[in-house]
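Just below is one structure, and these are the notes that go with it.
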Amino acid sequence: MKVELNINNETHVVEVEPRTSLLDCLREKLLLTGAHAGCEHGVCGACTVLIDGSAARSCLMFAVQADGYAITTIEGLAPGPGELSPLQDAFCETHGMQCGYCTPAMILAAHALLSKNPSPSRDEIVEAISGNICRCTGYAQIVEAIALAAERMRGQNEPQEILSERA
Amino acid sequence: MKPASFEYSRPADLDEACALLAADDGARLIAGGQTLVPLMAMRLARPTRLIDIARIPGLAYIRDEGNTIAIGAATKQQAVESDSLVRAKLPLLAKVMPYVGHGATRARGTVGGSLANGDPAAEIVLVAVTLGATLVWRDGGKATEIGTSDFFIGPMVTALPQTACLAEARFPVWPEPRIGVGFHEVNARQSDFAFVSAAAQIALDNEGRCTRAAIGIGAATAVPLRLDTVAKTLQGARFEEAAVRALLRAALAGIEPMADLHASADYRRRVALTLAVRAIADAYQAAATRRA
């Protein structure tokens with residue numbers, strides 16, 4: 001079947017079998033390999049992408065169901081080539097990764113959280129990544145990274161006059 | 001972990017969906033797919049055709065109908081979780097929503113999908129049974145209303161005919177001003193399938209006496225249990241833990257809990273008792289903080 005997908009603000013037309021998951025379509029047809037295939041039955045969260053801004057599992061969705069949604073993968077988060085988003089930066093700085101397999105999904109889950117809740121508590125951060133498994137068990141630095149990014153993004157969003165008054 | 005081949009259809013309305021179901025024994029409906037797709041990945045389900053009802057117009061809504069809140073079958077769990085009407089009028093449903101799967105599955109999973117799957121560990125199923133919701137399915141042009149006690153038959157088995165599509169769930173709204181709810185569950189990690197869950201909704205009079213109660217136990221038995229005798233006996237009573245525990249112990253003595261690798265039947269019975277006491281205590285306490 002032919003399906004038109006909006007991925008990272010670009011339109012792609014792909015030919016897929018109905019049984020092709022969105023995950024396999026992203027990885028094999030579009031070479032967007034940042035979404036990782038872990039368990040492929042909705043347990044590990046490694047395949048997380050954003051569907052209309054909400055974190056969702058691309059292994060539990062068929063590509064043929066995904067037309068008409070704004071799909072965001074980890075490849076679409078950086079503001080420009082060679083740059084990183086505040087969340088990606090924070091993951092680097094706090095060493096929020098070990099093997100890196102769960103990292104793109106962790107960052108997207110965190111991105112969905114921060115876009116709705118700019119000042120999450122530790123419990124809210126933990127809840128937001130509770131569907132994502134890190135088998136290196138480096139959760140402490142992941143939580144730290146998300147808190148750091150949240151703090152920086154709040155700073156960015158403060159009106160300029162407040163910042164200049166403070167200075 | 002790749003599903004077997006299938007055909008894919010996206011009907012424009014429920015009539016067309018029912019016609020597609022009637023034309024193919026192996027066809028199944030898909031909305032969010034958060035339960036069905038894992039089953040397909042493990043090849044425990046091999047539908048010949050998936051009929052996608054997720055975007056049928058007019059099947060996703062949350063409507064105030066006075067005595068009930070009507071929720072369209074294709075309404076996303078995420079939408080229910082953040083809905084102010086649900087929070088105000090269906091506090092028990094609002095309470096359990098954060099426990100339904102994970103955020104990433106609530107973004108796709110639907111209320112109707114959870115009910116139609118009939119998993120005894122599903123929190124939405126527990127609330128429907130506890131409050132005595134009415135479910136509505138469409139079979140061709142015909143609409144059928146059914147109570148939860150007739151709808152849920154066993155684990156993942158419901159009365160829904162092969163050619164029918166769940167259309168709506170109507171949850172009763174309690175008009176009493178002093179209502180409190182409680183919910184507890186035990187699972188391996190937050191938001192995984194519950195081994196046992198308990199829900200309670202209590203209405204109090206000005207003196208703190210119960211005027212109405214609804215109590216349910218999920219995941220312990222083949223379908224969630226509604227403890228009507230306990231609820232009736234609580235009427236007129238203030239909260240006394242020892243009395244509530246004794247009532248629940250008697251009510252749970254005769255149940256036949258499921259047993260598996262994670263939780264034996266005896267464990268489920270013991271935990272059901274403890275969680276139900278806590279849920280009822282929470283519900284009393286929450287109701288007491290509300291003004292008459």
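The chains in the structure tokens are called A, B, ... from first to last as shown; in each chain the residues are counted from 1, and the ligands are counted from 1 in the order shown.
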Practice item. Might you pull out every residue within 12 Å of Leu84 of chain A, with only C-alpha atoms counted and same-chain residues fewer than 5 positions away left off, and present them as an MDAnalysis selection string? Key: chainID A and resid 74:79 89:93 107 149
Counting only C-alpha atoms, a student should be able to say which residues of chain A come within 8 Å of chain B; what is the right answer, written as a PDB file with C-alpha atoms, in the first residue's frame?
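What ended up in selection10.pdb:
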ATOM      1  CA  GLU A  17       2.909  -3.933   3.314  1.00  0.00           C
ATOM      2  CA  PRO A  18       0.079  -3.365   5.823  1.00  0.00           C
ATOM      3  CA  ARG A  19       2.037  -5.425   8.363  1.00  0.00           C
ATOM      4  CA  CYS A  39      11.392  -5.862  22.008  1.00  0.00           C
ATOM      5  CA  GLU A  40       9.077  -5.075  19.076  1.00  0.00           C
ATOM      6  CA  HIS A  41       5.993  -5.743  21.190  1.00  0.00           C
ATOM      7  CA  GLY A  42       5.531  -2.568  23.176  1.00  0.00           C
ATOM      8  CA  THR A  48       9.428   5.802  20.909  1.00  0.00           C
ATOM      9  CA  SER A  54       2.836  12.844  22.210  1.00  0.00           C
ATOM     10  CA  ALA A  55       5.296  10.016  22.833  1.00  0.00           C
ATOM     11  CA  ALA A  56       4.074   6.779  21.225  1.00  0.00           C
ATOM     12  CA  ARG A  57       5.567   3.413  20.370  1.00  0.00           C
ATOM     13  CA  LEU A  60       2.748  -0.736  18.028  1.00  0.00           C
ATOM     14  CA  MET A  61       1.584   1.241  15.037  1.00  0.00           C
ATOM     15  CA  GLN A  65      -2.101   3.957  10.126  1.00  0.00           C
ATOM     16  CA  ALA A 128       7.357  10.194  32.012  1.00  0.00           C
ATOM     17  CA  SER A 130       8.625   4.825  33.202  1.00  0.00           C
ATOM     18  CA  GLY A 131       7.710   3.178  29.900  1.00  0.00           C
TER      19      GLY A 131
END
Check your understanding: Quick one: DSSP strand (DSSP E) residues in chain A, as a ChimeraX atom specification?
Key -> /A:2-7,10-15,48-51,54-57,70-72
At most 10 Å is the cut-off: for each residue in segment 222-255 of chain B with any atom that close to an atom of segment 127-141 of chain B, write down the nearest atom pair and the distance in Å rounded to one decimal, counting only C-alpha atoms, chain first then increasing number, as a tab-separated table.
residue	atom	partner	partner_atom	distance
B:Val223	CA	B:Val129	CA	9.0
B:Pro224	CA	B:Val129	CA	6.7
B:Leu225	CA	B:Val129	CA	7.4
B:Arg226	CA	B:Thr130	CA	5.5
B:Leu227	CA	B:Thr130	CA	8.3
B:Asp228	CA	B:Thr130	CA	9.2
Contacts of Ala19 of chain B at 12 Å (only C-alpha atoms; same-chain gap of 5+ positions) as an mmCIF file with C-alpha atoms, in the first residue's frame:
data_model
loop_
_atom_site.group_PDB
_atom_site.id
_atom_site.type_symbol
_atom_site.label_atom_id
_atom_site.label_comp_id
_atom_site.auth_asym_id
_atom_site.auth_seq_id
_atom_site.Cartn_x
_atom_site.Cartn_y
_atom_site.Cartn_z
ATOM 1 C CA SER B 9 -9.204 -1.283 5.514
ATOM 2 C CA PRO B 11 -14.039 2.327 6.722
ATOM 3 C CA ALA B 12 -15.766 5.714 6.644
ATOM 4 C CA ASP B 13 -18.386 4.840 9.270
ATOM 5 C CA LEU B 14 -19.565 2.115 11.645
ATOM 6 C CA ASP B 24 -14.556 -11.947 6.744
ATOM 7 C CA ASP B 25 -14.444 -14.303 9.770
ATOM 8 C CA ALA B 27 -11.179 -9.758 10.358
ATOM 9 C CA ARG B 28 -10.626 -7.755 13.526
ATOM 10 C CA LEU B 29 -11.142 -4.152 14.497
ATOM 11 C CA ILE B 51 -10.448 -2.725 10.089
ATOM 12 C CA ARG B 138 -23.488 -1.364 16.863
ATOM 13 C CA ASP B 139 -24.140 -4.437 14.759
ATOM 14 C CA GLY B 140 -24.999 -3.275 11.278
ATOM 15 C CA GLY B 141 -27.724 -0.671 11.748
ATOM 16 C CA GLN B 162 -18.008 -10.985 15.916
ATOM 17 C CA THR B 163 -19.792 -8.609 13.555
ATOM 18 C CA ALA B 164 -20.321 -5.808 16.088
ATOM 19 C CA CYS B 165 -18.339 -2.722 17.018
#
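The nearest approach to Arg152 of chain A among the residues A:Tyr139, A:Ser85, A:Cys99, A:Met1, with only C-alpha atoms taken into account, belongs to A:Ser85.
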Exercise for review: Skip Ser115 of chain A itself and residues of its chain fewer than 6 positions away, then list as a PyMOL selection string all residues within 12 Å of it, counting only C-alpha atoms.
Suggested key: chain A and resi 50+52-55+87+108-109+128+149-150+153-154+157
Point to revise | Expected answer as a VMD selection string: helix (DSSP H, G or I) residues in segment 13-107 of chain A | key: chain A and resid 22 to 29 58 to 60 63 to 65 74 to 76 86 to 93 103 to 107
